[in-house]
Amino acid sequence: MNLQQLKYIIAINRFRNFAKAADSCNISQPTLSTMLQKLEDELDVRIFDRSNKQVTPTSAGKKIILQAQKTLIEAEKITELVAEEKNQIGNSLSLSVGPSIAPYILPQFIKHYRKKHPEVSLSIQERKSEEMLNALQNGEIDAGISASDILNKGVLEIPLYTERFYVYLSEGCWRKLPVFKPENLEHENMWIMKEAQCLRNSAFSFCKARSKGQHIYEAGSIETLIRIVDENGGFTIIPEMHLDFLSEAQRKNVRKIEGNYLSQRRISLYIRKDFVKERMLNTIIDSMKEFMPAQMLSEGIRKNDIRL
C-alpha cells in the first residue's frame with residue numbers, strides 16, 4: 001500500500017466513474033483499475049462495487065476511504081511544514097468561494113493574486129457553504145470564503161469583511177415611500193434570494209418577515225432580482241458591493257434601511273483547524289487588502305498578519 005493508491009481510491013469515490021477519476025489523476029483507466037485491484041488484493045477486501053452503470057463503495061470501502069482521506073491530509077502536512085520552515089508559500093492554492101460572493105471579489109482577487117504570486121497554481125471553484133465544508137474536511141481545497149453562517153467544530157473561521165445591505169426599490173415604491181422602514185414590509189412585494197439574504201446573524205432578516213409581505217419570490221441571483229423589481233415593482237435587498245454594478249438610473253432606487261436594525265453580512269475565510277500553511281493563508285489576505293475598502297475589512301486582518 002502507498003499514498004498514490006490512496007489518492008486513486010479517493011478520486012474513484014469522488015467521481016464514481018473510472019474514466020473521470022483516471023483523468024483527474026493523469027493516468028490511463030486501465031492503470032487505475034490495475035492499481036485498485038492490487039490494493040484490494042493486498043487488503044483482501046473489496047473497496048468498490050462496480051458495474052457497467054455505477055461505482056459505489058462497499059461498507060468496508062467507505063471506512064477505508066475515510067481513513068485514506070485522513071492519512072493523505074496528515075502526509076501532506078509534512079511537505080507543508082517543511083515549506084513553512086523554508087519560508088516558502090507552496091506551489092498551489094485551491095480555494096472555494098460562495099456564489100453570492102464570487103462576482104464581487106473574484107475578478108479583482110485573481111488579478112492581484114496572479115500579479116503578486118505568479119509562481120502559485122491558483123484553482124478557484126464556486127461552492128455553496130455545505131459543499132465547501134465537505135471539500136475542506138476531505139482535503140480537496142485549502143480554504144473557503146463564505147458568509148459567516150457556518151458552525152463546524154473542525155473548521156476555523158477568520159472574519160474578512162462586513163458589508164451592509166441596502167434596499168433596492170422600484171420607482172413606484174420609492175415615490176410613495178421615500179424613506180424605507182421595516183414596517184413597510186407589510187405593504188410591499190418582497191423579492192428574495194435565499195442563499196444570499198437569509199442570514200442567521202442579521203437582527204433584521206427579510207426571511208423572518210416571510211409572512212408579512214403580500215408575495216415573496218426566490219430568484220437565483222441579485223442581478224435577476226433587480227431586473228424583476230425594475231419590471232414588476234416591489235423591492236429587494238442588495239449587498240453593499242453590488243452598488244458598483246448599478247447604472248446611474250438604478251442608483252436612484254437605492255435606500256438605506258432606517259431605524260435601529262442590523263442588516264449586514266460578514267464574509268469569512270474558512271480553513272481546517274489543523275491547517276499549517278500560514279504563509280499561503282496570508283497571500284490570500286494580502287491580495288484581499290489590495291482592493292477591498294479598508295473600512296469594510298475586519299480589524300484583525302486590517303492591522304495584522306494571520307498567525308496559526
# chains A, B, ... in the order shown; residues from 1 in each chain; ligands from 1
>>> residues_around(residues="Thr31 (chain A)", least_positions_apart="3", cutoff="12 Å", atoms="only C-alpha atoms", output="ChimeraX atom specification")
/A:5,8,18-19,21-23,25-28,34-38
>>> write_last_selection(atoms="C-alpha atoms", output="mmCIF file, in the first residue's frame")
data_model
loop_
_atom_site.group_PDB
_atom_site.id
_atom_site.type_symbol
_atom_site.label_atom_id
_atom_site.label_comp_id
_atom_site.auth_asym_id
_atom_site.auth_seq_id
_atom_site.Cartn_x
_atom_site.Cartn_y
_atom_site.Cartn_z
ATOM 1 C CA GLN A 5 -3.044 4.207 -4.241
ATOM 2 C CA TYR A 8 -6.620 6.791 -6.536
ATOM 3 C CA PHE A 18 -13.237 5.258 -13.562
ATOM 4 C CA ALA A 19 -12.645 7.343 -16.686
ATOM 5 C CA ALA A 21 -11.108 9.506 -11.863
ATOM 6 C CA ALA A 22 -8.247 8.368 -14.096
ATOM 7 C CA ASP A 23 -8.284 11.667 -15.952
ATOM 8 C CA CYS A 25 -5.094 11.538 -11.643
ATOM 9 C CA ASN A 26 -3.401 11.928 -15.055
ATOM 10 C CA ILE A 27 -3.214 8.193 -15.649
ATOM 11 C CA SER A 28 -4.973 5.786 -18.002
ATOM 12 C CA THR A 34 -4.965 -2.271 -12.037
ATOM 13 C CA MET A 35 -3.804 -0.210 -9.053
ATOM 14 C CA LEU A 36 -7.197 -0.551 -7.385
ATOM 15 C CA GLN A 37 -7.177 -4.306 -7.920
ATOM 16 C CA LYS A 38 -3.685 -4.582 -6.398
#
>>> residues_around(residues="Glu171 (chain A)", least_positions_apart="5", cutoff="12 Å", atoms="only C-alpha atoms", output="list in words")
Lys176, Leu177, Pro178, Ile226, Val229, Asp230, Glu231, Asn232, Gly233, Gly234, Phe235, Ala249, Gln250, Arg251, Lys252, Asn253, Val254 and Arg255 of chain A
>>> write_last_selection(atoms="N, CA and C atoms", output="short mmCIF file (atom, residue, chain, number, x, y, z; two decimals), in the first residue's frame")
data_model
loop_
_atom_site.label_atom_id
_atom_site.label_comp_id
_atom_site.auth_asym_id
_atom_site.auth_seq_id
_atom_site.Cartn_x
_atom_site.Cartn_y
_atom_site.Cartn_z
N LYS A 176 -43.73 56.69 -3.38
CA LYS A 176 -44.72 56.67 -2.29
C LYS A 176 -44.05 56.54 -0.93
N LEU A 177 -42.86 55.90 -0.90
CA LEU A 177 -42.15 55.66 0.35
C LEU A 177 -40.71 56.13 0.21
N PRO A 178 -40.47 57.43 0.29
CA PRO A 178 -39.11 57.95 0.09
C PRO A 178 -38.12 57.47 1.14
N ILE A 226 -32.93 42.40 -9.19
CA ILE A 226 -33.00 43.82 -9.56
C ILE A 226 -33.83 43.99 -10.83
N VAL A 229 -37.48 43.56 -9.98
CA VAL A 229 -38.01 44.77 -9.34
C VAL A 229 -38.25 45.86 -10.38
N ASP A 230 -37.30 46.05 -11.28
CA ASP A 230 -37.44 47.08 -12.32
C ASP A 230 -38.69 46.86 -13.17
N GLU A 231 -39.01 45.59 -13.44
CA GLU A 231 -40.13 45.29 -14.33
C GLU A 231 -41.45 45.11 -13.61
N ASN A 232 -41.40 44.67 -12.34
CA ASN A 232 -42.62 44.28 -11.65
C ASN A 232 -42.95 45.08 -10.41
N GLY A 233 -42.06 45.97 -10.00
CA GLY A 233 -42.31 46.72 -8.78
C GLY A 233 -41.86 45.97 -7.54
N GLY A 234 -42.13 46.53 -6.38
CA GLY A 234 -41.71 45.91 -5.12
C GLY A 234 -40.29 46.30 -4.77
N PHE A 235 -39.62 45.43 -4.00
CA PHE A 235 -38.27 45.75 -3.57
C PHE A 235 -37.50 44.47 -3.26
N ALA A 249 -29.14 55.39 -13.29
CA ALA A 249 -30.58 55.43 -13.06
C ALA A 249 -30.98 54.49 -11.93
N GLN A 250 -30.37 53.31 -11.87
CA GLN A 250 -30.70 52.34 -10.83
C GLN A 250 -30.26 52.80 -9.45
N ARG A 251 -29.18 53.58 -9.38
CA ARG A 251 -28.70 54.05 -8.08
C ARG A 251 -29.73 54.94 -7.37
N LYS A 252 -30.60 55.55 -8.15
CA LYS A 252 -31.65 56.39 -7.56
C LYS A 252 -32.67 55.54 -6.79
N ASN A 253 -32.69 54.23 -7.05
CA ASN A 253 -33.65 53.34 -6.40
C ASN A 253 -33.13 52.73 -5.11
N VAL A 254 -31.92 53.10 -4.70
CA VAL A 254 -31.29 52.51 -3.52
C VAL A 254 -31.59 53.35 -2.28
N ARG A 255 -31.94 52.68 -1.19
CA ARG A 255 -32.19 53.35 0.08
C ARG A 255 -31.53 52.59 1.24
#
>>> closest_residue(among="A:Pro159, A:Tyr270, A:Ile192, A:His242", to="Arg302 (chain A)", atoms="only C-alpha atoms")
A:Pro159
>>> residues_around(residues="Ala68 (chain A)", least_positions_apart="2", cutoff="8 Å", atoms="only C-alpha atoms", output="list in words")
Leu6, Lys7, Ile10, Ile64, Ile65, Leu66, Lys70, Thr71 and Leu72 of chain A
>>> residues_around(residues="Ser94 (chain A)", least_positions_apart="5", cutoff="8 Å", atoms="only C-alpha atoms", output="ChimeraX atom specification")
/A:122-124,140-143
>>> closest_residue(among="A:Ile306, A:Leu43, A:Met296, A:Val167", to="Lys256 (chain A)", atoms="only C-alpha atoms")
A:Val167
>>> residues_around(residues="region 53-57 of chain A", least_positions_apart="4", cutoff="12 Å", atoms="only C-alpha atoms", output="JSON list (two decimals) with C-alpha atoms, in the first residue's frame")
[["chain", "number", "residue", "atom", "x", "y", "z"],
["A", 9, "ILE", "CA", -9.41, 5.37, -4.36],
["A", 10, "ILE", "CA", -10.32, 8.88, -3.16],
["A", 11, "ALA", "CA", -10.60, 10.00, -6.80],
["A", 12, "ILE", "CA", -12.75, 7.00, -7.68],
["A", 13, "ASN", "CA", -15.04, 7.74, -4.75],
["A", 14, "ARG", "CA", -15.27, 11.40, -5.69],
["A", 15, "PHE", "CA", -16.21, 10.86, -9.33],
["A", 16, "ARG", "CA", -17.84, 7.41, -9.07],
["A", 17, "ASN", "CA", -16.52, 6.91, -12.58],
["A", 18, "PHE", "CA", -13.24, 5.26, -13.56],
["A", 19, "ALA", "CA", -12.64, 7.34, -16.69],
["A", 20, "LYS", "CA", -13.14, 10.66, -14.87],
["A", 21, "ALA", "CA", -11.11, 9.51, -11.86],
["A", 45, "VAL", "CA", -11.28, -6.78, 0.71],
["A", 46, "ARG", "CA", -13.40, -5.25, -2.00],
["A", 47, "ILE", "CA", -13.37, -1.44, -1.78],
["A", 48, "PHE", "CA", -15.82, -0.70, -4.61],
["A", 49, "ASP", "CA", -18.75, -2.50, -6.14],
["A", 61, "GLY", "CA", -14.69, 0.63, 1.39],
["A", 62, "LYS", "CA", -16.38, 3.63, 3.00],
["A", 63, "LYS", "CA", -14.28, 3.18, 6.14],
["A", 64, "ILE", "CA", -11.09, 2.70, 4.11],
["A", 65, "ILE", "CA", -11.76, 5.81, 2.02],
["A", 66, "LEU", "CA", -12.40, 7.92, 5.14]]
>>> residues_around(residues="region 127-136 of chain A", least_positions_apart="2", cutoff="10 Å", atoms="only C-alpha atoms", output="PyMOL selection string")
chain A and resi 95-100+102+124-125+138-152+154-155+195+270-272
>>> closest_residue(among="A:Tyr168, A:Tyr113, A:Phe275, A:Tyr161", to="Leu243 (chain A)", atoms="only C-alpha atoms")
A:Tyr168
>>> closest_residue(among="A:Val179, A:Ile284, A:Met1, A:Leu106", to="Ile257 (chain A)", atoms="only C-alpha atoms")
A:Val179
>>> select_by_dssp(residues="region 87-172 of chain A", states="strand (DSSP E or B)", output="ChimeraX atom specification")
/A:92-97,121-126,143-147,155-169
>>> write_last_selection(atoms="C-alpha atoms", output="PDB file, in the first residue's frame")
ATOM      1  CA  SER A  92      -0.614  25.627  -5.415  1.00  0.00           C
ATOM      2  CA  LEU A  93      -3.695  27.160  -3.802  1.00  0.00           C
ATOM      3  CA  SER A  94      -7.151  25.644  -4.059  1.00  0.00           C
ATOM      4  CA  LEU A  95      -9.917  27.992  -2.983  1.00  0.00           C
ATOM      5  CA  SER A  96     -13.712  27.802  -2.748  1.00  0.00           C
ATOM      6  CA  VAL A  97     -15.860  30.957  -2.955  1.00  0.00           C
ATOM      7  CA  SER A 121      -1.011  27.489  -9.392  1.00  0.00           C
ATOM      8  CA  LEU A 122      -4.357  29.045  -8.445  1.00  0.00           C
ATOM      9  CA  SER A 123      -7.536  26.960  -8.565  1.00  0.00           C
ATOM     10  CA  ILE A 124     -10.903  28.502  -7.604  1.00  0.00           C
ATOM     11  CA  GLN A 125     -14.348  26.914  -7.556  1.00  0.00           C
ATOM     12  CA  GLU A 126     -17.744  28.314  -6.669  1.00  0.00           C
ATOM     13  CA  ALA A 143      -9.583  27.339   2.130  1.00  0.00           C
ATOM     14  CA  GLY A 144     -13.068  28.673   1.512  1.00  0.00           C
ATOM     15  CA  ILE A 145     -14.681  32.113   1.507  1.00  0.00           C
ATOM     16  CA  SER A 146     -18.318  32.229   2.577  1.00  0.00           C
ATOM     17  CA  ALA A 147     -20.872  34.226   4.543  1.00  0.00           C
ATOM     18  CA  VAL A 155     -13.237  24.386  10.902  1.00  0.00           C
ATOM     19  CA  LEU A 156     -11.637  27.693  11.864  1.00  0.00           C
ATOM     20  CA  GLU A 157     -13.309  30.980  10.859  1.00  0.00           C
ATOM     21  CA  ILE A 158     -11.275  34.110  10.099  1.00  0.00           C
ATOM     22  CA  PRO A 159     -13.506  37.190   9.575  1.00  0.00           C
ATOM     23  CA  LEU A 160     -12.573  39.036   6.361  1.00  0.00           C
ATOM     24  CA  TYR A 161     -15.015  41.889   5.886  1.00  0.00           C
ATOM     25  CA  THR A 162     -18.518  43.082   6.678  1.00  0.00           C
ATOM     26  CA  GLU A 163     -20.873  44.718   4.206  1.00  0.00           C
ATOM     27  CA  ARG A 164     -24.223  46.378   4.736  1.00  0.00           C
ATOM     28  CA  PHE A 165     -27.421  45.546   2.931  1.00  0.00           C
ATOM     29  CA  TYR A 166     -29.350  48.268   1.137  1.00  0.00           C
ATOM     30  CA  VAL A 167     -32.918  48.281  -0.121  1.00  0.00           C
ATOM     31  CA  TYR A 168     -33.480  48.419  -3.862  1.00  0.00           C
ATOM     32  CA  LEU A 169     -36.980  49.790  -4.544  1.00  0.00           C
TER      33      LEU A 169
END
>>> select_by_dssp(residues="region 240-303 of chain A", states="helix (DSSP H, G or I)", output="PDB file with N, CA and C atoms, in the first residue's frame")
ATOM      1  N   GLU A 240     -23.744  45.675  -0.214  1.00  0.00           N
ATOM      2  CA  GLU A 240     -23.055  46.941  -0.466  1.00  0.00           C
ATOM      3  C   GLU A 240     -22.174  46.900  -1.710  1.00  0.00           C
ATOM      4  N   MET A 241     -21.480  45.775  -1.925  1.00  0.00           N
ATOM      5  CA  MET A 241     -20.545  45.698  -3.044  1.00  0.00           C
ATOM      6  C   MET A 241     -21.245  45.592  -4.397  1.00  0.00           C
ATOM      7  N   HIS A 242     -22.559  45.422  -4.378  1.00  0.00           N
ATOM      8  CA  HIS A 242     -23.289  45.394  -5.648  1.00  0.00           C
ATOM      9  C   HIS A 242     -23.589  46.799  -6.158  1.00  0.00           C
ATOM     10  N   LEU A 243     -23.431  47.796  -5.322  1.00  0.00           N
ATOM     11  CA  LEU A 243     -23.751  49.165  -5.726  1.00  0.00           C
ATOM     12  C   LEU A 243     -22.955  49.594  -6.954  1.00  0.00           C
ATOM     13  N   ASP A 244     -21.717  49.109  -7.054  1.00  0.00           N
ATOM     14  CA  ASP A 244     -20.879  49.476  -8.197  1.00  0.00           C
ATOM     15  C   ASP A 244     -21.386  48.877  -9.508  1.00  0.00           C
ATOM     16  N   PHE A 245     -22.268  47.879  -9.423  1.00  0.00           N
ATOM     17  CA  PHE A 245     -22.787  47.221 -10.619  1.00  0.00           C
ATOM     18  C   PHE A 245     -24.024  47.935 -11.173  1.00  0.00           C
ATOM     19  N   GLU A 248     -26.516  54.484 -13.378  1.00  0.00           N
ATOM     20  CA  GLU A 248     -26.808  55.750 -12.704  1.00  0.00           C
ATOM     21  C   GLU A 248     -28.293  55.860 -12.371  1.00  0.00           C
ATOM     22  N   ALA A 249     -29.137  55.389 -13.293  1.00  0.00           N
ATOM     23  CA  ALA A 249     -30.581  55.434 -13.055  1.00  0.00           C
ATOM     24  C   ALA A 249     -30.979  54.489 -11.926  1.00  0.00           C
ATOM     25  N   GLN A 250     -30.370  53.315 -11.871  1.00  0.00           N
ATOM     26  CA  GLN A 250     -30.702  52.340 -10.834  1.00  0.00           C
ATOM     27  C   GLN A 250     -30.255  52.804  -9.451  1.00  0.00           C
ATOM     28  N   ARG A 251     -29.182  53.578  -9.376  1.00  0.00           N
ATOM     29  CA  ARG A 251     -28.695  54.053  -8.085  1.00  0.00           C
ATOM     30  C   ARG A 251     -29.726  54.936  -7.371  1.00  0.00           C
ATOM     31  N   GLU A 278       0.663  28.819   6.929  1.00  0.00           N
ATOM     32  CA  GLU A 278       0.435  30.192   7.377  1.00  0.00           C
ATOM     33  C   GLU A 278       0.776  31.212   6.298  1.00  0.00           C
ATOM     34  N   ARG A 279       1.896  31.012   5.626  1.00  0.00           N
ATOM     35  CA  ARG A 279       2.306  31.975   4.590  1.00  0.00           C
ATOM     36  C   ARG A 279       1.335  31.970   3.411  1.00  0.00           C
ATOM     37  N   MET A 280       0.859  30.793   3.042  1.00  0.00           N
ATOM     38  CA  MET A 280      -0.129  30.706   1.966  1.00  0.00           C
ATOM     39  C   MET A 280      -1.409  31.426   2.358  1.00  0.00           C
ATOM     40  N   LEU A 281      -1.810  31.257   3.605  1.00  0.00           N
ATOM     41  CA  LEU A 281      -3.014  31.914   4.103  1.00  0.00           C
ATOM     42  C   LEU A 281      -2.884  33.431   3.997  1.00  0.00           C
ATOM     43  N   ASN A 282      -1.728  33.947   4.303  1.00  0.00           N
ATOM     44  CA  ASN A 282      -1.529  35.398   4.266  1.00  0.00           C
ATOM     45  C   ASN A 282      -1.420  35.945   2.849  1.00  0.00           C
ATOM     46  N   THR A 283      -1.117  35.083   1.873  1.00  0.00           N
ATOM     47  CA  THR A 283      -1.156  35.559   0.487  1.00  0.00           C
ATOM     48  C   THR A 283      -2.593  35.892   0.087  1.00  0.00           C
ATOM     49  N   ILE A 284      -3.544  35.142   0.624  1.00  0.00           N
ATOM     50  CA  ILE A 284      -4.966  35.415   0.357  1.00  0.00           C
ATOM     51  C   ILE A 284      -5.351  36.752   0.990  1.00  0.00           C
ATOM     52  N   ILE A 285      -4.977  36.907   2.252  1.00  0.00           N
ATOM     53  CA  ILE A 285      -5.304  38.135   2.980  1.00  0.00           C
ATOM     54  C   ILE A 285      -4.677  39.356   2.310  1.00  0.00           C
ATOM     55  N   ASP A 286      -3.413  39.260   1.945  1.00  0.00           N
ATOM     56  CA  ASP A 286      -2.713  40.392   1.335  1.00  0.00           C
ATOM     57  C   ASP A 286      -3.357  40.800   0.015  1.00  0.00           C
ATOM     58  N   SER A 287      -3.802  39.833  -0.769  1.00  0.00           N
ATOM     59  CA  SER A 287      -4.451  40.148  -2.044  1.00  0.00           C
ATOM     60  C   SER A 287      -5.807  40.801  -1.823  1.00  0.00           C
ATOM     61  N   MET A 288      -6.530  40.374  -0.786  1.00  0.00           N
ATOM     62  CA  MET A 288      -7.813  40.995  -0.461  1.00  0.00           C
ATOM     63  C   MET A 288      -7.619  42.463  -0.068  1.00  0.00           C
ATOM     64  N   LYS A 289      -6.553  42.750   0.671  1.00  0.00           N
ATOM     65  CA  LYS A 289      -6.292  44.110   1.119  1.00  0.00           C
ATOM     66  C   LYS A 289      -6.021  45.062  -0.043  1.00  0.00           C
ATOM     67  N   GLU A 290      -5.604  44.522  -1.176  1.00  0.00           N
ATOM     68  CA  GLU A 290      -5.257  45.353  -2.322  1.00  0.00           C
ATOM     69  C   GLU A 290      -6.469  46.087  -2.907  1.00  0.00           C
ATOM     70  N   PHE A 291      -7.657  45.481  -2.782  1.00  0.00           N
ATOM     71  CA  PHE A 291      -8.815  46.076  -3.462  1.00  0.00           C
ATOM     72  C   PHE A 291     -10.033  46.297  -2.570  1.00  0.00           C
ATOM     73  N   GLU A 299     -11.021  44.240  11.638  1.00  0.00           N
ATOM     74  CA  GLU A 299      -9.887  44.900  12.292  1.00  0.00           C
ATOM     75  C   GLU A 299      -8.679  43.975  12.379  1.00  0.00           C
ATOM     76  N   GLY A 300      -8.951  42.690  12.605  1.00  0.00           N
ATOM     77  CA  GLY A 300      -7.856  41.730  12.766  1.00  0.00           C
ATOM     78  C   GLY A 300      -6.957  41.634  11.549  1.00  0.00           C
ATOM     79  N   ILE A 301      -7.545  41.512  10.361  1.00  0.00           N
ATOM     80  CA  ILE A 301      -6.711  41.370   9.174  1.00  0.00           C
ATOM     81  C   ILE A 301      -6.249  42.721   8.637  1.00  0.00           C
ATOM     82  N   ARG A 302      -6.942  43.796   8.994  1.00  0.00           N
ATOM     83  CA  ARG A 302      -6.523  45.122   8.541  1.00  0.00           C
ATOM     84  C   ARG A 302      -5.212  45.529   9.209  1.00  0.00           C
ATOM     85  N   LYS A 303      -5.019  45.099  10.452  1.00  0.00           N
ATOM     86  CA  LYS A 303      -3.869  45.543  11.222  1.00  0.00           C
ATOM     87  C   LYS A 303      -2.754  44.500  11.331  1.00  0.00           C
TER      88      LYS A 303
END
>>> atom_distance(atom1="CA of Asn2 (chain A)", atom2="CA of Ala75 (chain A)")
11.3 Å
